[in-house]
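What follows is the content of start.cif (mmCIF, C-alpha atoms and all ligand atoms).
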```cif
data_target
loop_
_atom_site.label_atom_id
_atom_site.label_comp_id
_atom_site.auth_asym_id
_atom_site.auth_seq_id
_atom_site.Cartn_x
_atom_site.Cartn_y
_atom_site.Cartn_z
CA MET A 25 4.30 -7.56 56.03
CA ASN A 26 7.93 -8.24 55.66
CA ASP A 27 7.24 -10.61 52.80
CA ASN A 28 7.02 -7.60 50.50
CA LYS A 29 4.30 -9.22 48.59
CA ASN A 30 2.20 -6.95 46.47
CA TYR A 31 -1.27 -7.88 47.63
CA ILE A 32 -2.99 -5.29 45.55
CA GLN A 33 -1.44 -6.41 42.28
CA ASP A 34 -2.30 -9.92 43.26
CA ILE A 35 -5.96 -9.28 43.92
CA ILE A 36 -6.32 -7.16 40.78
CA LEU A 37 -5.15 -10.10 38.72
CA LYS A 38 -7.59 -12.39 40.44
CA LEU A 39 -10.47 -9.95 40.07
CA ASN A 40 -9.78 -9.58 36.38
CA LYS A 41 -10.35 -13.27 35.96
CA CYS A 42 -13.39 -13.34 38.23
CA LYS A 43 -16.62 -13.95 36.34
CA SER A 44 -19.27 -14.61 38.98
CA LYS A 45 -20.54 -13.63 42.37
CA ASN A 46 -19.29 -16.94 43.74
CA ASP A 47 -15.76 -16.28 42.49
CA LEU A 48 -15.94 -12.85 44.05
CA ASN A 49 -16.99 -14.28 47.42
CA MET A 50 -14.11 -16.73 47.26
CA ILE A 51 -11.62 -13.94 46.64
CA ARG A 52 -13.16 -11.88 49.42
CA SER A 53 -12.73 -14.68 51.94
CA GLN A 54 -9.24 -15.49 50.69
CA TYR A 55 -8.23 -12.04 51.82
CA LEU A 56 -10.69 -10.92 54.44
CA GLY A 57 -12.35 -14.12 55.70
CA VAL A 58 -11.69 -15.50 59.19
CA ASN A 59 -8.48 -17.11 57.97
CA GLY A 60 -7.89 -14.68 55.11
CA ILE A 61 -4.46 -13.33 54.27
CA ILE A 62 -5.20 -9.84 55.54
CA THR A 63 -7.01 -11.10 58.62
CA GLN A 64 -3.92 -13.12 59.49
CA LYS A 65 -1.81 -10.02 59.22
CA PHE A 66 -4.09 -8.22 61.66
CA LYS A 67 -3.74 -11.12 64.07
CA LYS A 68 0.03 -10.75 63.92
CA LEU A 69 -0.21 -7.19 65.19
CA LYS A 70 -0.32 -8.21 68.83
CA THR A 71 3.09 -9.90 68.57
CA LEU A 72 4.84 -6.69 67.53
CA ASP A 73 6.40 -3.93 69.63
CA VAL A 74 4.66 -0.59 69.84
CA GLU A 75 6.62 1.16 67.10
CA SER A 76 6.31 -1.58 64.50
CA LYS A 77 2.69 -2.12 65.51
CA LYS A 78 1.97 1.48 64.64
CA LYS A 79 3.71 1.33 61.25
CA PHE A 80 2.37 -2.05 60.40
CA SER A 81 -1.25 -1.31 61.28
CA ILE A 82 -1.28 1.84 59.13
CA LYS A 83 0.04 -0.12 56.19
CA ILE A 84 -2.31 -3.07 56.60
CA ASN A 85 -5.35 -0.85 57.08
CA LYS A 86 -4.52 0.96 53.84
CA ILE A 87 -4.29 -2.34 52.01
CA LYS A 88 -7.58 -3.53 53.51
CA LYS A 89 -9.34 -0.34 52.46
CA LYS A 90 -8.08 -0.68 48.91
CA ILE A 91 -9.13 -4.32 48.74
CA LEU A 92 -12.62 -3.44 49.97
CA LYS A 93 -12.92 -0.79 47.29
CA LEU A 94 -11.77 -3.17 44.56
CA LEU A 95 -14.24 -5.80 45.72
CA PHE A 96 -17.03 -3.27 45.74
CA LEU A 97 -16.23 -2.04 42.23
CA LYS A 98 -16.04 -5.59 40.92
CA LYS A 99 -19.40 -6.40 42.51
CA ASN A 100 -20.99 -3.52 40.62
CA THR A 101 -19.47 -4.46 37.27
CA LEU A 102 -20.62 -8.03 37.73
CA LYS A 103 -24.13 -6.79 38.44
CA GLU A 104 -24.12 -4.58 35.37
CA THR A 105 -22.90 -7.37 33.13
CA MET A 106 -25.56 -9.66 34.52
CA ILE A 107 -28.32 -7.15 33.71
CA LYS A 108 -26.91 -6.57 30.23
CA ASN A 109 -26.86 -10.29 29.59
CA LEU A 110 -30.40 -10.67 30.81
CA TYR A 111 -31.53 -8.06 28.32
CA LYS A 112 -29.44 -9.63 25.58
CA ASN A 113 -30.94 -13.04 26.18
CA ASN A 114 -34.39 -11.53 26.42
CA ASN A 115 -34.92 -12.87 29.90
CA ILE A 116 -36.38 -9.59 31.06
CA ASP A 117 -39.78 -8.68 29.77
CA ILE A 118 -39.99 -4.95 30.19
CA SER A 119 -43.55 -4.95 28.93
CA LEU A 120 -44.66 -7.00 31.95
CA SER A 121 -47.13 -5.01 34.04
CA SER A 122 -45.88 -3.97 37.45
CA LYS A 123 -47.24 -5.18 40.74
CA GLU A 124 -50.70 -3.80 41.49
CA VAL A 125 -50.63 -1.11 44.13
CA ASN A 126 -53.82 -0.55 46.05
CA LEU A 127 -54.36 3.16 46.12
CA GLY A 128 -56.87 4.65 48.49
CA SER A 129 -59.54 6.99 47.24
CA VAL A 130 -61.00 10.26 48.37
CA HIS A 131 -64.20 9.73 50.33
CA ILE A 132 -67.30 10.56 48.33
CA ILE A 133 -68.25 13.31 50.79
CA THR A 134 -64.84 14.99 50.53
CA TYR A 135 -64.89 14.49 46.79
CA SER A 136 -68.33 16.13 46.50
CA ILE A 137 -67.42 19.01 48.81
CA ASN A 138 -64.35 19.67 46.67
CA ARG A 139 -66.44 19.65 43.50
CA ILE A 140 -68.90 22.07 45.05
CA ILE A 141 -66.13 24.38 46.29
CA ASN A 142 -64.72 24.30 42.78
CA PHE A 143 -68.06 25.31 41.27
CA PHE A 144 -68.58 28.21 43.64
CA SER A 145 -64.98 29.41 43.45
CA LYS A 146 -65.54 30.02 39.75
CA LEU A 147 -68.32 32.39 40.76
CA GLY A 148 -65.96 34.26 43.07
CA PHE A 149 -66.88 32.55 46.37
CA GLU A 150 -64.24 32.08 49.05
CA ALA A 151 -64.36 28.91 51.19
CA LEU A 152 -64.14 29.41 54.96
CA TYR A 153 -64.27 26.99 57.87
CA GLY A 154 -65.72 27.62 61.31
CA PRO A 155 -65.84 25.98 64.72
CA GLU A 156 -68.05 22.94 65.29
CA ILE A 157 -68.40 23.80 68.98
CA GLU A 158 -70.45 26.94 68.85
CA SER A 159 -72.31 29.35 71.12
CA ASP A 160 -76.07 29.70 70.91
CA TYR A 161 -75.47 33.32 69.95
CA TYR A 162 -73.90 32.43 66.58
CA ASN A 163 -75.95 29.31 65.99
CA PHE A 164 -79.35 30.80 66.93
CA ASP A 165 -79.68 34.26 68.49
CA ALA A 166 -77.81 36.32 65.92
CA LEU A 167 -79.61 34.48 63.15
CA ASN A 168 -82.90 35.81 64.45
CA ILE A 169 -83.91 32.50 65.99
CA LYS A 170 -85.56 33.58 69.22
CA LYS A 171 -85.10 31.69 72.50
CA ASN A 172 -88.56 30.19 72.39
CA HIS A 173 -88.67 29.78 68.65
CA PRO A 174 -89.91 26.31 67.59
CA SER A 175 -87.18 26.01 64.99
CA ARG A 176 -84.72 25.54 67.87
CA ASP A 177 -86.60 22.34 68.69
CA ASN A 178 -86.50 21.27 65.05
CA HIS A 179 -82.78 21.35 65.25
CA ASP A 180 -82.64 18.82 68.13
CA THR A 181 -79.50 20.36 69.45
CA PHE A 182 -76.67 18.67 71.35
CA TRP A 183 -76.00 21.09 74.20
CA PHE A 184 -72.82 21.15 76.31
CA ASN A 185 -74.39 23.62 78.70
CA LYS A 186 -76.88 26.52 78.55
CA ASN A 187 -74.86 28.42 75.94
CA ILE A 188 -72.48 26.04 74.23
CA LEU A 189 -73.57 23.50 71.64
CA LEU A 190 -72.48 21.45 68.66
CA ARG A 191 -73.43 23.66 65.74
CA THR A 192 -76.64 22.54 64.08
CA GLN A 193 -76.01 24.53 60.92
CA THR A 194 -73.11 26.11 59.08
CA SER A 195 -75.27 29.28 58.91
CA SER A 196 -73.55 30.18 62.20
CA MET A 197 -70.62 31.28 60.06
CA GLN A 198 -72.75 33.99 58.43
CA ILE A 199 -72.44 36.04 61.58
CA ARG A 200 -68.83 35.16 62.37
CA THR A 201 -67.81 36.20 58.86
CA MET A 202 -69.86 39.37 58.67
CA GLU A 203 -68.35 40.48 61.99
CA LYS A 204 -64.89 40.33 60.43
CA LYS A 205 -65.30 41.19 56.76
CA THR A 206 -66.70 44.23 55.10
CA PRO A 207 -69.04 43.69 52.15
CA PRO A 208 -69.10 42.91 49.30
CA VAL A 209 -68.48 39.26 50.22
CA ARG A 210 -69.18 35.89 48.64
CA ILE A 211 -68.55 33.08 51.06
CA ILE A 212 -69.15 29.36 51.27
CA VAL A 213 -68.69 27.37 54.45
CA PRO A 214 -68.40 23.61 54.15
CA GLY A 215 -68.38 21.56 57.35
CA LYS A 216 -69.87 19.11 59.79
CA VAL A 217 -73.06 19.86 61.67
CA TYR A 218 -74.79 17.90 64.44
CA ARG A 219 -78.37 17.11 65.34
CA ASN A 220 -79.91 14.64 67.73
CA ASP A 221 -81.71 12.86 64.98
CA SER A 222 -81.31 9.41 63.51
CA SER A 223 -83.12 7.57 60.72
CA LEU A 224 -82.44 6.14 57.26
CA THR A 225 -81.99 9.65 55.93
CA HIS A 226 -80.77 11.44 59.08
CA SER A 227 -77.54 10.99 60.94
CA PRO A 228 -76.47 12.81 64.16
CA MET A 229 -73.54 14.21 62.19
CA PHE A 230 -73.79 15.33 58.61
CA HIS A 231 -72.28 17.90 56.26
CA GLN A 232 -73.59 21.22 55.03
CA ILE A 233 -72.36 24.01 52.85
CA GLU A 234 -73.60 27.42 53.75
CA GLY A 235 -73.26 30.07 51.10
CA PHE A 236 -74.01 33.76 51.12
CA ILE A 237 -73.45 36.97 49.23
CA ILE A 238 -73.62 40.46 50.62
CA ASP A 239 -73.47 43.21 48.08
CA LYS A 240 -75.27 46.35 46.95
CA LYS A 241 -77.13 44.89 44.04
CA ILE A 242 -78.20 41.36 44.74
CA ASN A 243 -81.67 40.08 44.18
CA PHE A 244 -83.71 36.93 44.31
CA SER A 245 -83.18 36.25 40.58
CA ASN A 246 -79.42 36.16 41.14
CA LEU A 247 -79.93 33.63 43.90
CA LYS A 248 -82.27 31.56 41.71
CA TRP A 249 -79.78 31.55 38.83
CA ILE A 250 -76.94 30.41 41.10
CA MET A 251 -79.02 27.66 42.70
CA LYS A 252 -80.35 26.39 39.39
CA ASN A 253 -76.92 26.26 37.81
CA PHE A 254 -75.42 24.69 40.88
CA LEU A 255 -77.94 21.84 40.75
CA LEU A 256 -77.39 21.36 37.02
CA PHE A 257 -73.67 21.19 37.68
CA PHE A 258 -74.01 18.84 40.63
CA PHE A 259 -76.32 16.34 39.01
CA LYS A 260 -74.57 16.68 35.65
CA LYS A 261 -77.85 16.56 33.80
CA LYS A 262 -80.98 18.56 33.29
CA CYS A 263 -83.08 17.88 36.35
CA LYS A 264 -86.53 19.15 37.13
CA ILE A 265 -86.40 21.62 40.01
CA ARG A 266 -88.93 23.86 41.68
CA PHE A 267 -88.74 26.73 44.13
CA ARG A 268 -91.24 26.48 46.94
CA ASN A 269 -92.11 29.27 49.34
CA SER A 270 -90.75 28.50 52.81
CA TYR A 271 -89.72 29.95 56.14
CA PHE A 272 -86.34 30.42 57.80
CA PRO A 273 -85.94 33.01 60.57
CA PHE A 274 -82.77 34.43 59.04
CA THR A 275 -84.06 34.92 55.49
CA THR A 276 -87.00 36.72 53.99
CA PRO A 277 -88.39 35.81 51.55
CA SER A 278 -87.27 32.21 51.95
CA ALA A 279 -87.54 29.29 49.59
CA GLU A 280 -86.89 25.62 49.48
CA ILE A 281 -85.78 23.94 46.33
CA ASP A 282 -87.20 20.56 45.42
CA ILE A 283 -85.87 18.22 42.86
CA PHE A 284 -87.97 15.68 40.98
CA ASN A 285 -86.79 12.15 41.59
CA GLU A 286 -87.41 10.15 38.43
CA ILE A 287 -87.23 6.84 40.30
CA SER A 288 -89.71 7.52 43.08
CA LYS A 289 -91.65 10.07 40.97
CA LYS A 290 -91.64 12.38 43.97
CA TRP A 291 -90.48 15.92 44.64
CA LEU A 292 -87.67 15.93 47.21
CA GLU A 293 -86.47 18.92 49.14
CA VAL A 294 -82.77 19.53 48.53
CA LEU A 295 -81.84 22.90 49.90
CA GLY A 296 -83.02 26.08 51.57
CA CYS A 297 -82.27 29.62 50.52
CA GLY A 298 -83.49 33.19 50.71
CA MET A 299 -82.65 36.85 51.06
CA ILE A 300 -80.84 37.56 54.34
CA HIS A 301 -83.19 39.08 56.91
CA PRO A 302 -82.49 42.81 57.55
CA LEU A 303 -82.42 42.05 61.30
CA VAL A 304 -79.49 39.67 60.74
CA LEU A 305 -77.59 42.33 58.80
CA LYS A 306 -78.29 44.88 61.54
CA LYS A 307 -76.89 42.45 64.16
CA VAL A 308 -73.50 42.79 62.51
CA ASN A 309 -73.77 46.50 61.83
CA ILE A 310 -74.40 46.23 58.13
CA ASN A 311 -76.89 48.80 56.93
CA PRO A 312 -79.80 46.92 55.28
CA GLU A 313 -80.69 50.09 53.38
CA LYS A 314 -77.31 49.93 51.67
CA TYR A 315 -76.55 46.24 51.48
CA ILE A 316 -78.57 43.20 50.53
CA GLY A 317 -77.72 39.60 51.19
CA CYS A 318 -78.79 36.24 49.89
CA ALA A 319 -77.97 32.88 51.43
CA PHE A 320 -78.38 29.19 50.89
CA GLY A 321 -77.77 25.99 52.84
CA ILE A 322 -76.91 22.74 51.09
CA GLY A 323 -77.12 19.32 52.77
CA ILE A 324 -74.27 17.34 51.23
CA GLU A 325 -75.32 13.79 52.12
CA ARG A 326 -78.82 14.44 50.86
CA LEU A 327 -77.58 15.58 47.45
CA ILE A 328 -75.17 12.65 47.12
CA MET A 329 -77.88 10.17 48.13
CA LEU A 330 -80.12 11.55 45.43
CA LYS A 331 -77.43 11.61 42.79
CA TYR A 332 -76.23 8.06 43.36
CA ASN A 333 -79.47 6.61 44.65
CA ILE A 334 -78.03 5.72 48.06
CA LEU A 335 -80.82 4.81 50.44
CA ASN A 336 -79.21 4.74 53.87
CA ILE A 337 -77.21 7.73 55.11
CA ARG A 338 -75.11 5.41 57.30
CA SER A 339 -73.55 3.95 54.14
CA PHE A 340 -71.30 7.00 54.10
CA PHE A 341 -69.83 6.30 57.52
CA LYS A 342 -69.49 2.53 57.51
CA ASN A 343 -66.25 2.53 55.52
CA ASP A 344 -67.54 -0.28 53.34
CA LEU A 345 -64.93 -0.61 50.59
CA ARG A 346 -67.58 -1.73 48.10
CA LEU A 347 -69.12 1.73 48.30
CA LEU A 348 -65.92 3.74 48.74
CA LYS A 349 -64.15 2.15 45.79
CA GLN A 350 -66.85 3.29 43.41
CA PHE A 351 -65.73 6.88 43.76
CA LYS A 352 -62.07 6.71 42.71
N1 LIG A 401 -79.35 26.47 57.95
C1 LIG A 401 -80.51 25.84 57.37
C2 LIG A 401 -80.68 24.45 57.95
O1 LIG A 401 -79.74 23.91 58.46
C3 LIG A 401 -80.38 25.75 55.88
C4 LIG A 401 -80.53 27.09 55.23
C5 LIG A 401 -81.75 27.50 54.76
C6 LIG A 401 -79.45 27.93 55.12
C7 LIG A 401 -81.94 28.72 54.15
C8 LIG A 401 -79.63 29.20 54.52
C9 LIG A 401 -80.88 29.56 54.06
O2 LIG A 401 -78.63 30.02 54.38
O3 LIG A 401 -81.01 30.77 53.45
O4 LIG A 401 -81.72 23.92 57.89
#
```
Rewrite the structure of this file - the entire thing - as structure tokens.
Amino acid sequence: MNDNKNYIQDIILKLNKCKSKNDLNMIRSQYLGVNGIITQKFKKLKTLDVESKKKFSIKINKIKKKILKLLFLKKNTLKETMIKNLYKNNNIDISLSSKEVNLGSVHIITYSINRIINFFSKLGFEALYGPEIESDYYNFDALNIKKNHPSRDNHDTFWFNKNILLRTQTSSMQIRTMEKKTPPVRIIVPGKVYRNDSSLTHSPMFHQIEGFIIDKKINFSNLKWIMKNFLLFFFKKKCKIRFRNSYFPFTTPSAEIDIFNEISKKWLEVLGCGMIHPLVLKKVNINPEKYIGCAFGIGIERLIMLKYNILNIRSFFKNDLRLLKQFK
């Protein structure tokens, strides 16, 4: 570096004349390439004594840093000019559509559960979630389903042992909730339930939404109004429905709601409901003289199958994109 040459001035002059990326690369290697001017200077370092080495390396490193910065700035200006020119010459079509991105979609079951939660939340219902591994107390006993009651068989339960099972119904959350909350309450419980049952319309795992209200002035007409409006909302059209007298151990009176399927010209059962049995209220220390409850249980897959005319319940779980993509 005894040649006193002003490298920075030199490179600035060159960069001012530089018009392309190629020119820029040439300049870069002239200075910093394997045999570049600055690289040569670094190589000289080892021939110097300690003192001069120190001085010289500080100086040369400063110059290198400056050169790198100048090169970087020039690279950016070149890029900018190139983009400007492209626009000027109309070589960029900004109206061109972008690359297609394949977005996933919410599964039809999740989508429907969300719609249903939305409907009930407008009526003041709170959504709660409970355990899928349940005790027979919450799933059966506390719901007034006696040990030898035939409805236990109807449920075809998956048992882990004598007391622990995979819940067969989200109704189990009626008890869990009433134990914790004081009325008035309006609750819905969406979730998975399990039964040892398999056919075109039954799957060992399916989804239910349990709903219930406990309040001082609740009657069967309120329940009927909610159910009717829910079905109108769900199917998005006027559908023929009927209430049919039924039996569930935890409700009295109980009803099942059927919907008329215009394709098969048949009445199909879609959900169960009723007024909560006083014995169930007593189980959780709610005075049935003071409070009344109504409840309903909705089978999600069943409703979706009816709405979209899906014939096999397994279609939901096969992950067939042809089905899933229809519900974006
Ligand atoms: N838990 C019942 C089932 O899985 C459905 C049901 C019926 C729930 C009537 C209710 C009800 O809350 O009132 O078959």
What gap, in Å, lies between atom CA of A:Lys240 and atom CA of A:Asp282?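 The value is 28.5 Å.
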Suppose you want the space between atom CA of A:Thr276 and atom CA of A:Ile300; what is it in Å?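 Going from atom CA of A:Thr276 over to atom CA of A:Ile300, I get 6.2 Å.
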Selection as a VMD selection string: residues within 7 Å of ligand LIG 401 (chain A) by all atoms listed in the file: chain A and resid 192 to 195 234 to 236 272 274 to 275 278 295 to 300 318 to 322
Figure out the distance between atom CA of A:Lys314 and atom CA of A:Pro208, please, to one decimal in Å. 11.1 Å
Can you work out which one of A:Lys68, A:Lys90, A:Phe254, A:Lys216 has the shortest atom-to-atom distance to A:Ser145, counting all atoms listed in the file?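 Residue with the minimum atom-to-atom distance to A:Ser145: A:Phe254.
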Go through A:Lys146, A:His131, A:Lys262, A:Lys307 one by one, measure the shortest atom-to-atom distance of each to A:Asn343 using all atoms listed in the file, and give the residue with the smallest value. A:His131
Using all atoms listed in the file: which of A:Pro228, A:Phe244, A:Leu48, A:Ile132 has the shortest distance to A:Tyr332: A:Ile132
With a distance cut-off of 10 Å and all atoms listed in the file, select the neighbouring residues of A:Leu305, excluding the residue or stretch itself and same-chain residues fewer than 6 positions from it, and output the selection as a count of residues only. 14
Nearest to A:Lys171, chosen from A:Arg338, A:Lys186, A:Val125, A:Tyr153, with only C-alpha atoms counted in the distances: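 That would be A:Lys186, the residue with the smallest distance to A:Lys171.
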A:Lys70, A:Lys264, A:Lys99, A:Lys86: which is nearest A:Asn40, counting only C-alpha atoms?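 Once distances to A:Asn40 are computed over only C-alpha atoms, the minimum belongs to A:Lys99.
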